[in-house]
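Novice: Below is one structure. I have some questions about it.
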Amino acid sequence: VFYLSEKNPPNDFTKAKIKENKNLKKFFDEAGVTGGIYIYNRSKNEFTIYDRKRMDTGFVPASTSKIIHSLIFLNSGAVKDETEVFKWDGTKQWVKAWEQDHNLRSAFKVSAVWFYVQASKKLTQNQMQRYYEAANYGNAKINDYGTAYWVKGDLRVTPRQQIDFLVRFYNYQLPFSTRSIDLVKDIMIDEKTDKYTMSGKTGWYDAYAPQLGWWLGYVETSSGTHFFATQIDIK
């Protein structure tokens with residue numbers, strides 16, 4: 001079942017202003033890395049960016065795709081809720097924190113790949129494809145289905161598409177139930193203070209050179225919400 005709320009009409013990203021701020025480069029220089037950052041102010045329909053070339057270049061989404069996967073699993077019933085436990089089969093994992101039973105909430109936080117592979121197998125490739133296309137996510141190429149195709153396959157998404165997806169997610173403009181979106185929003189919260197709430201997801205792929213790290217999400221403050229996508233090259 002697909003859902004789509006029209007209570008918040010989507011912004012026209014094709015008309016968004018783009019301001020490149022080269023001063024943002026200093027943060028990458030201080031960290032000794034190369035990369036790009038894309039910050040979107042929805043109320044102004046305006047991007048503030050560094051590294052224009054990357055903005056519309058497709059990259060492997062890696063674990064940032066766990067946002068849409070979590071929505072799909074909850075919406076389809078592949079995962080009942082954020083507390084349903086999947087059993088670890090005892091095989092050695094790339095990350096020690098993956099070597100335990102997980103539910104959706106804990107698997108999302110540590111990016112437990114095996115959990116997401118196992119949950120995806122509860123849907124057919126055709127079912128998953130329909131969700132990708134309905135949500136207009138990246139290039140929607142999910143070859144090698146049944147594996148971690150979001151790390152090593154042909155799935156690609158640009159920084160602009162990542163932010164577009166996040167804006168539609170935030171405003172309930174995706175083909176998922178309100179319950180599914182609310183649960184994933186709660187799972188995504190990274191930091192909460194009396195001045196702001198920051199929600200996001202990291203991603204890292206090592207199947208290609210250079211390796212690439214993602215961090216994307218949004219920051220809610222009393223003055224509004226800003227969406228961001230950050231990338232760094234990992235050498």
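Chains: A, B, ... in order of the structure tokens. Residues: from 1 per chain. Ligands: from 1, in order shown.
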Could you build a table of the residues in stretch 142-227 of chain A lying no more than 7 Å from stretch 114-127 of chain A, giving for each the nearest pair of atoms and their separation in Å rounded to one decimal place, using only C-alpha atoms, ordered by chain and ascending residue number, as CSV?
Specialist:
residue,atom,partner,partner_atom,distance
A:Tyr145,CA,A:Gln125,CA,6.4
A:Gly146,CA,A:Lys121,CA,5.9
A:Thr147,CA,A:Val117,CA,5.9
A:Ala148,CA,A:Val117,CA,6.2
Novice: Based on the selection just made, write C-alpha atoms of those residues as a PDB file, in the first residue's frame.
Specialist:
ATOM      1  CA  TYR A 145      19.077  -7.566  -4.960  1.00  0.00           C
ATOM      2  CA  GLY A 146      19.353  -9.789  -1.889  1.00  0.00           C
ATOM      3  CA  THR A 147      22.839  -8.450  -1.122  1.00  0.00           C
ATOM      4  CA  ALA A 148      24.108  -5.078   0.132  1.00  0.00           C
TER       5      ALA A 148
END
Novice: Could you please write out, as JSON, numbers by chain, every residue of stretch 41-226 of chain A that DSSP assigns to strand (DSSP E)?
Specialist: {"A": [41, 46, 47, 48, 49, 50, 189, 190, 191, 192, 196, 197, 198, 199, 200, 201, 202, 203, 204, 205, 211, 212, 213, 214, 215, 216, 217, 218, 219, 220, 221, 224, 225, 226]}
Novice: Selection from above, N, CA, C and O atoms, as a CSV table (one decimal), in the first residue's frame, can you write it?
Specialist:
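File produced: selection-v4.csv:
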chain,number,residue,atom,x,y,z
A,41,ASN,N,18.0,25.8,2.6
A,41,ASN,CA,17.1,26.5,3.4
A,41,ASN,C,15.7,26.5,2.7
A,41,ASN,O,15.6,27.1,1.6
A,46,GLU,N,16.8,27.9,-1.1
A,46,GLU,CA,18.1,28.3,-1.4
A,46,GLU,C,19.2,27.3,-0.9
A,46,GLU,O,19.0,26.9,0.2
A,47,PHE,N,20.1,27.0,-1.7
A,47,PHE,CA,21.3,26.2,-1.3
A,47,PHE,C,22.5,27.1,-1.0
A,47,PHE,O,22.8,28.0,-1.7
A,48,THR,N,23.2,26.7,0.1
A,48,THR,CA,24.5,27.2,0.3
A,48,THR,C,25.5,26.0,0.2
A,48,THR,O,25.3,25.1,0.9
A,49,ILE,N,26.4,26.1,-0.7
A,49,ILE,CA,27.2,24.9,-1.0
A,49,ILE,C,28.7,25.2,-1.0
A,49,ILE,O,29.1,26.3,-1.2
A,50,TYR,N,29.4,24.1,-1.0
A,50,TYR,CA,30.9,24.1,-1.3
A,50,TYR,C,31.1,22.9,-2.2
A,50,TYR,O,30.7,21.8,-1.8
A,189,ILE,N,17.0,10.8,15.1
A,189,ILE,CA,17.5,11.8,16.0
A,189,ILE,C,18.8,11.5,16.6
A,189,ILE,O,19.0,10.5,17.2
A,190,ASP,N,19.8,12.4,16.3
A,190,ASP,CA,21.2,12.2,16.8
A,190,ASP,C,21.5,13.0,18.1
A,190,ASP,O,22.2,12.6,19.0
A,191,GLU,N,20.9,14.2,18.1
A,191,GLU,CA,21.2,15.1,19.2
A,191,GLU,C,20.1,16.1,19.5
A,191,GLU,O,19.5,16.6,18.5
A,192,LYS,N,19.7,16.3,20.7
A,192,LYS,CA,18.6,17.1,21.0
A,192,LYS,C,18.9,18.0,22.2
A,192,LYS,O,19.3,17.5,23.3
A,196,TYR,N,18.1,23.2,19.6
A,196,TYR,CA,18.0,22.5,18.3
A,196,TYR,C,17.9,21.0,18.5
A,196,TYR,O,18.2,20.4,19.5
A,197,THR,N,17.3,20.4,17.4
A,197,THR,CA,17.3,18.9,17.3
A,197,THR,C,18.0,18.6,15.9
A,197,THR,O,17.6,19.1,14.9
A,198,MET,N,19.0,17.7,16.0
A,198,MET,CA,19.7,17.3,14.8
A,198,MET,C,19.4,15.9,14.5
A,198,MET,O,19.6,15.0,15.4
A,199,SER,N,19.0,15.6,13.3
A,199,SER,CA,18.7,14.2,12.9
A,199,SER,C,19.5,13.9,11.6
A,199,SER,O,19.7,14.8,10.8
A,200,GLY,N,20.0,12.6,11.5
A,200,GLY,CA,20.8,12.3,10.3
A,200,GLY,C,21.2,10.9,10.2
A,200,GLY,O,20.8,10.0,11.0
A,201,LYS,N,21.9,10.6,9.2
A,201,LYS,CA,22.5,9.3,8.9
A,201,LYS,C,23.8,9.4,8.2
A,201,LYS,O,24.0,10.2,7.3
A,202,THR,N,24.7,8.6,8.7
A,202,THR,CA,26.0,8.5,8.1
A,202,THR,C,26.0,7.4,7.0
A,202,THR,O,25.1,6.5,6.9
A,203,GLY,N,27.1,7.4,6.2
A,203,GLY,CA,27.2,6.3,5.2
A,203,GLY,C,28.7,6.2,4.8
A,203,GLY,O,29.4,7.2,4.8
A,204,TRP,N,29.2,5.0,4.4
A,204,TRP,CA,30.6,4.8,4.1
A,204,TRP,C,30.6,3.7,3.1
A,204,TRP,O,30.1,2.6,3.4
A,205,TYR,N,31.3,3.9,2.0
A,205,TYR,CA,31.5,2.7,1.1
A,205,TYR,C,33.0,2.6,0.8
A,205,TYR,O,33.7,3.6,0.6
A,211,GLN,N,37.3,5.9,-1.5
A,211,GLN,CA,36.2,5.6,-0.6
A,211,GLN,C,35.5,6.9,-0.3
A,211,GLN,O,36.1,8.0,-0.4
A,212,LEU,N,34.2,6.8,0.1
A,212,LEU,CA,33.5,8.0,0.3
A,212,LEU,C,32.6,7.9,1.6
A,212,LEU,O,32.0,6.9,1.8
A,213,GLY,N,32.6,9.0,2.3
A,213,GLY,CA,31.8,9.1,3.5
A,213,GLY,C,30.7,10.1,3.3
A,213,GLY,O,30.9,11.2,2.8
A,214,TRP,N,29.5,9.7,3.8
A,214,TRP,CA,28.3,10.6,3.8
A,214,TRP,C,27.9,11.0,5.2
A,214,TRP,O,28.1,10.2,6.1
A,215,TRP,N,27.4,12.2,5.4
A,215,TRP,CA,26.6,12.5,6.6
A,215,TRP,C,25.5,13.5,6.1
A,215,TRP,O,25.8,14.5,5.5
A,216,LEU,N,24.3,13.1,6.3
A,216,LEU,CA,23.2,13.9,5.8
A,216,LEU,C,22.0,13.9,6.8
A,216,LEU,O,21.9,13.0,7.7
A,217,GLY,N,21.2,15.0,6.8
A,217,GLY,CA,20.1,15.1,7.7
A,217,GLY,C,19.5,16.5,7.7
A,217,GLY,O,19.6,17.2,6.7
A,218,TYR,N,19.0,16.9,8.9
A,218,TYR,CA,18.5,18.2,9.0
A,218,TYR,C,18.5,18.6,10.5
A,218,TYR,O,18.6,17.8,11.4
A,219,VAL,N,18.6,20.0,10.6
A,219,VAL,CA,18.7,20.6,12.0
A,219,VAL,C,17.4,21.4,12.1
A,219,VAL,O,17.2,22.3,11.3
A,220,GLU,N,16.7,21.2,13.2
A,220,GLU,CA,15.4,21.9,13.5
A,220,GLU,C,15.8,23.0,14.6
A,220,GLU,O,16.3,22.6,15.7
A,221,THR,N,15.4,24.2,14.4
A,221,THR,CA,15.6,25.3,15.4
A,221,THR,C,14.3,26.1,15.4
A,221,THR,O,13.4,25.9,14.6
A,224,GLY,N,13.6,27.8,12.1
A,224,GLY,CA,13.4,27.0,10.9
A,224,GLY,C,14.2,25.7,10.8
A,224,GLY,O,15.0,25.4,11.8
A,225,THR,N,14.1,25.0,9.7
A,225,THR,CA,14.8,23.8,9.5
A,225,THR,C,15.7,23.9,8.3
A,225,THR,O,15.3,24.3,7.3
A,226,HIS,N,17.0,23.4,8.5
A,226,HIS,CA,18.0,23.4,7.5
A,226,HIS,C,18.3,21.9,7.2
A,226,HIS,O,18.6,21.2,8.1
Novice: What are the nearest atom pairs, with distances in Å to one decimal, for all residues of stretch 131-174 of chain A that come at most 7 Å from stretch 61-65 of chain A, using only C-alpha atoms, set out by chain and rising residue number as a Markdown table?
Specialist:
| residue | atom | partner | partner_atom | distance |
| --- | --- | --- | --- | --- |
| A:Trp150 | CA | A:Ala62 | CA | 5.2 |
| A:Val151 | CA | A:Ala62 | CA | 4.6 |
| A:Arg156 | CA | A:Pro61 | CA | 6.2 |
| A:Val157 | CA | A:Pro61 | CA | 6.1 |
Novice: Please write the residues from the selection above to a file, keeping N, CA and C atoms, as a compact mmCIF listing (two decimals), in the first residue's frame.
Specialist:
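Dumped to selection_39.txt:
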# COMPACT_ATOMS: atom_id res chain seq x y z
N TRP A 150 23.27 -1.52 -2.06
CA TRP A 150 23.39 -0.07 -1.85
C TRP A 150 24.83 0.35 -1.55
N VAL A 151 25.72 -0.64 -1.42
CA VAL A 151 27.14 -0.36 -1.19
C VAL A 151 27.98 -0.72 -2.41
N ARG A 156 22.76 4.84 -7.40
CA ARG A 156 23.46 6.12 -7.27
C ARG A 156 22.47 7.21 -6.88
N VAL A 157 22.96 8.17 -6.11
CA VAL A 157 22.14 9.31 -5.70
C VAL A 157 23.06 10.52 -5.58
Novice: Report as a list of chain:residue names: the residues of stretch 25-104 of chain A with a DSSP assignment of alpha helix (DSSP H), based on the backbone of this structure.
Specialist: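 Matching residues for alpha helix (DSSP H) in stretch 25-104 of chain A are A:Lys25, A:Lys26, A:Phe27, A:Phe28, A:Asp29, A:Glu30, A:Ala31, A:Arg52, A:Lys53, A:Arg54, A:Met55, A:Lys66, A:Ile67, A:Ile68, A:His69, A:Ser70, A:Leu71, A:Ile72, A:Phe73, A:Leu74, A:Asn75, A:Ser76, A:Leu104.
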Novice: Neighbouring residues of A:Gly36 were defined as those with any atom within 6 Å, considering only C-alpha atoms; residues of the same chain fewer than 4 positions away were excluded. Please report them as a list in words.
Specialist: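 These residues fall inside the cut-off: Tyr50, Asp51, Thr230 and Gln231 of chain A.
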Novice: Atom CA of A:Lys235 to atom CA of A:Gly58: how many Å, to one decimal?
Specialist: 19.1 Å
Novice: Could you tell me how far atom CA of A:Arg179 sits from atom CA of A:Asp81, in Å to one decimal place?
Specialist: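 Atom-to-atom, atom CA of A:Asp81 to atom CA of A:Arg179, that is 9.7 Å.
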Novice: Please list as a list in words every residue within 7 Å of A:Trp88, counting only C-alpha atoms and excluding residues in the same chain fewer than 5 positions away.
Specialist: Glu99, Gln100 and Asp101 of chain A
Novice: Would you mind exporting N, CA and C atoms of the selected residues as a CSV table (one decimal), in the first residue's frame?
Specialist:
chain,number,residue,atom,x,y,z
A,99,GLU,N,27.6,-7.7,15.6
A,99,GLU,CA,27.6,-9.1,16.0
A,99,GLU,C,26.8,-9.3,17.3
A,100,GLN,N,25.5,-9.1,17.0
A,100,GLN,CA,24.5,-9.3,18.1
A,100,GLN,C,23.1,-9.2,17.5
A,101,ASP,N,22.1,-9.6,18.2
A,101,ASP,CA,20.7,-9.4,17.7
A,101,ASP,C,20.4,-7.9,17.6
Novice: Tell me, as a PyMOL selection string, which residues lie within 12 Å of A:Gly138, counting only C-alpha atoms; anything in the same chain fewer than 6 positions away does not count.
Specialist: chain A and resi 56-61+64-65+68+129+131-132+150+154-165
Novice: Output N, CA, C and O atoms for every residue in the selection just made, as a compact mmCIF listing (two decimals), in the first residue's frame.
Specialist:
# COMPACT_ATOMS: atom_id res chain seq x y z
N ASP A 56 25.52 17.49 -8.38
CA ASP A 56 24.66 16.70 -9.26
C ASP A 56 25.39 15.48 -9.82
O ASP A 56 25.05 14.97 -10.88
N THR A 57 26.40 15.02 -9.08
CA THR A 57 27.11 13.79 -9.44
C THR A 57 26.56 12.64 -8.61
O THR A 57 26.38 12.78 -7.39
N GLY A 58 26.26 11.52 -9.25
CA GLY A 58 25.71 10.38 -8.54
C GLY A 58 26.78 9.60 -7.80
O GLY A 58 27.85 9.32 -8.35
N PHE A 59 26.50 9.27 -6.55
CA PHE A 59 27.41 8.48 -5.72
C PHE A 59 26.64 7.31 -5.10
O PHE A 59 25.41 7.35 -4.97
N VAL A 60 27.36 6.29 -4.70
CA VAL A 60 26.75 5.17 -3.98
C VAL A 60 26.19 5.71 -2.66
O VAL A 60 26.92 6.39 -1.92
N PRO A 61 24.94 5.42 -2.32
CA PRO A 61 24.37 5.99 -1.10
C PRO A 61 24.88 5.33 0.18
O PRO A 61 24.82 5.93 1.25
N THR A 64 23.36 5.63 3.99
CA THR A 64 22.33 6.68 4.01
C THR A 64 21.03 6.14 3.44
O THR A 64 19.95 6.67 3.74
N SER A 65 21.11 5.08 2.63
CA SER A 65 19.90 4.47 2.08
C SER A 65 19.08 3.76 3.14
O SER A 65 17.94 3.35 2.87
N ILE A 68 15.48 5.26 3.51
CA ILE A 68 14.38 4.76 2.67
C ILE A 68 14.11 3.29 2.95
O ILE A 68 12.96 2.85 2.95
N GLN A 129 11.48 -2.42 -5.95
CA GLN A 129 11.64 -1.52 -7.09
C GLN A 129 10.50 -0.52 -7.17
O GLN A 129 10.70 0.67 -7.43
N TYR A 131 8.71 0.65 -4.73
CA TYR A 131 8.87 1.66 -3.70
C TYR A 131 9.91 2.70 -4.11
O TYR A 131 9.70 3.90 -3.93
N TYR A 132 11.04 2.23 -4.64
CA TYR A 132 12.09 3.15 -5.08
C TYR A 132 11.55 4.13 -6.12
O TYR A 132 11.82 5.33 -6.07
N TRP A 150 23.27 -1.52 -2.06
CA TRP A 150 23.39 -0.07 -1.85
C TRP A 150 24.83 0.35 -1.55
O TRP A 150 25.13 1.53 -1.45
N ASP A 154 24.80 -0.74 -8.51
CA ASP A 154 24.71 0.41 -9.42
C ASP A 154 23.82 1.53 -8.90
O ASP A 154 23.59 2.51 -9.61
N LEU A 155 23.29 1.40 -7.69
CA LEU A 155 22.44 2.45 -7.13
C LEU A 155 23.27 3.72 -6.91
O LEU A 155 24.35 3.67 -6.31
N ARG A 156 22.76 4.84 -7.40
CA ARG A 156 23.46 6.12 -7.27
C ARG A 156 22.47 7.21 -6.88
O ARG A 156 21.31 7.19 -7.30
N VAL A 157 22.96 8.17 -6.11
CA VAL A 157 22.14 9.31 -5.70
C VAL A 157 23.06 10.52 -5.58
O VAL A 157 24.21 10.39 -5.14
N THR A 158 22.59 11.67 -5.99
CA THR A 158 23.38 12.89 -5.92
C THR A 158 23.11 13.61 -4.59
O THR A 158 22.07 13.38 -3.95
N PRO A 159 24.01 14.49 -4.16
CA PRO A 159 23.74 15.29 -2.96
C PRO A 159 22.43 16.08 -3.06
O PRO A 159 21.67 16.17 -2.10
N ARG A 160 22.14 16.64 -4.24
CA ARG A 160 20.89 17.37 -4.40
C ARG A 160 19.69 16.44 -4.22
O ARG A 160 18.69 16.78 -3.57
N GLN A 161 19.77 15.22 -4.79
CA GLN A 161 18.68 14.25 -4.65
C GLN A 161 18.52 13.81 -3.20
O GLN A 161 17.40 13.57 -2.74
N GLN A 162 19.63 13.70 -2.49
CA GLN A 162 19.55 13.32 -1.07
C GLN A 162 18.74 14.37 -0.30
O GLN A 162 17.87 14.02 0.51
N ILE A 163 19.02 15.64 -0.56
CA ILE A 163 18.31 16.70 0.15
C ILE A 163 16.86 16.77 -0.30
O ILE A 163 15.95 16.94 0.52
N ASP A 164 16.61 16.60 -1.58
CA ASP A 164 15.24 16.57 -2.09
C ASP A 164 14.45 15.48 -1.38
O ASP A 164 13.31 15.70 -0.93
N PHE A 165 15.05 14.30 -1.26
CA PHE A 165 14.39 13.18 -0.57
C PHE A 165 14.12 13.54 0.90
O PHE A 165 13.03 13.28 1.43
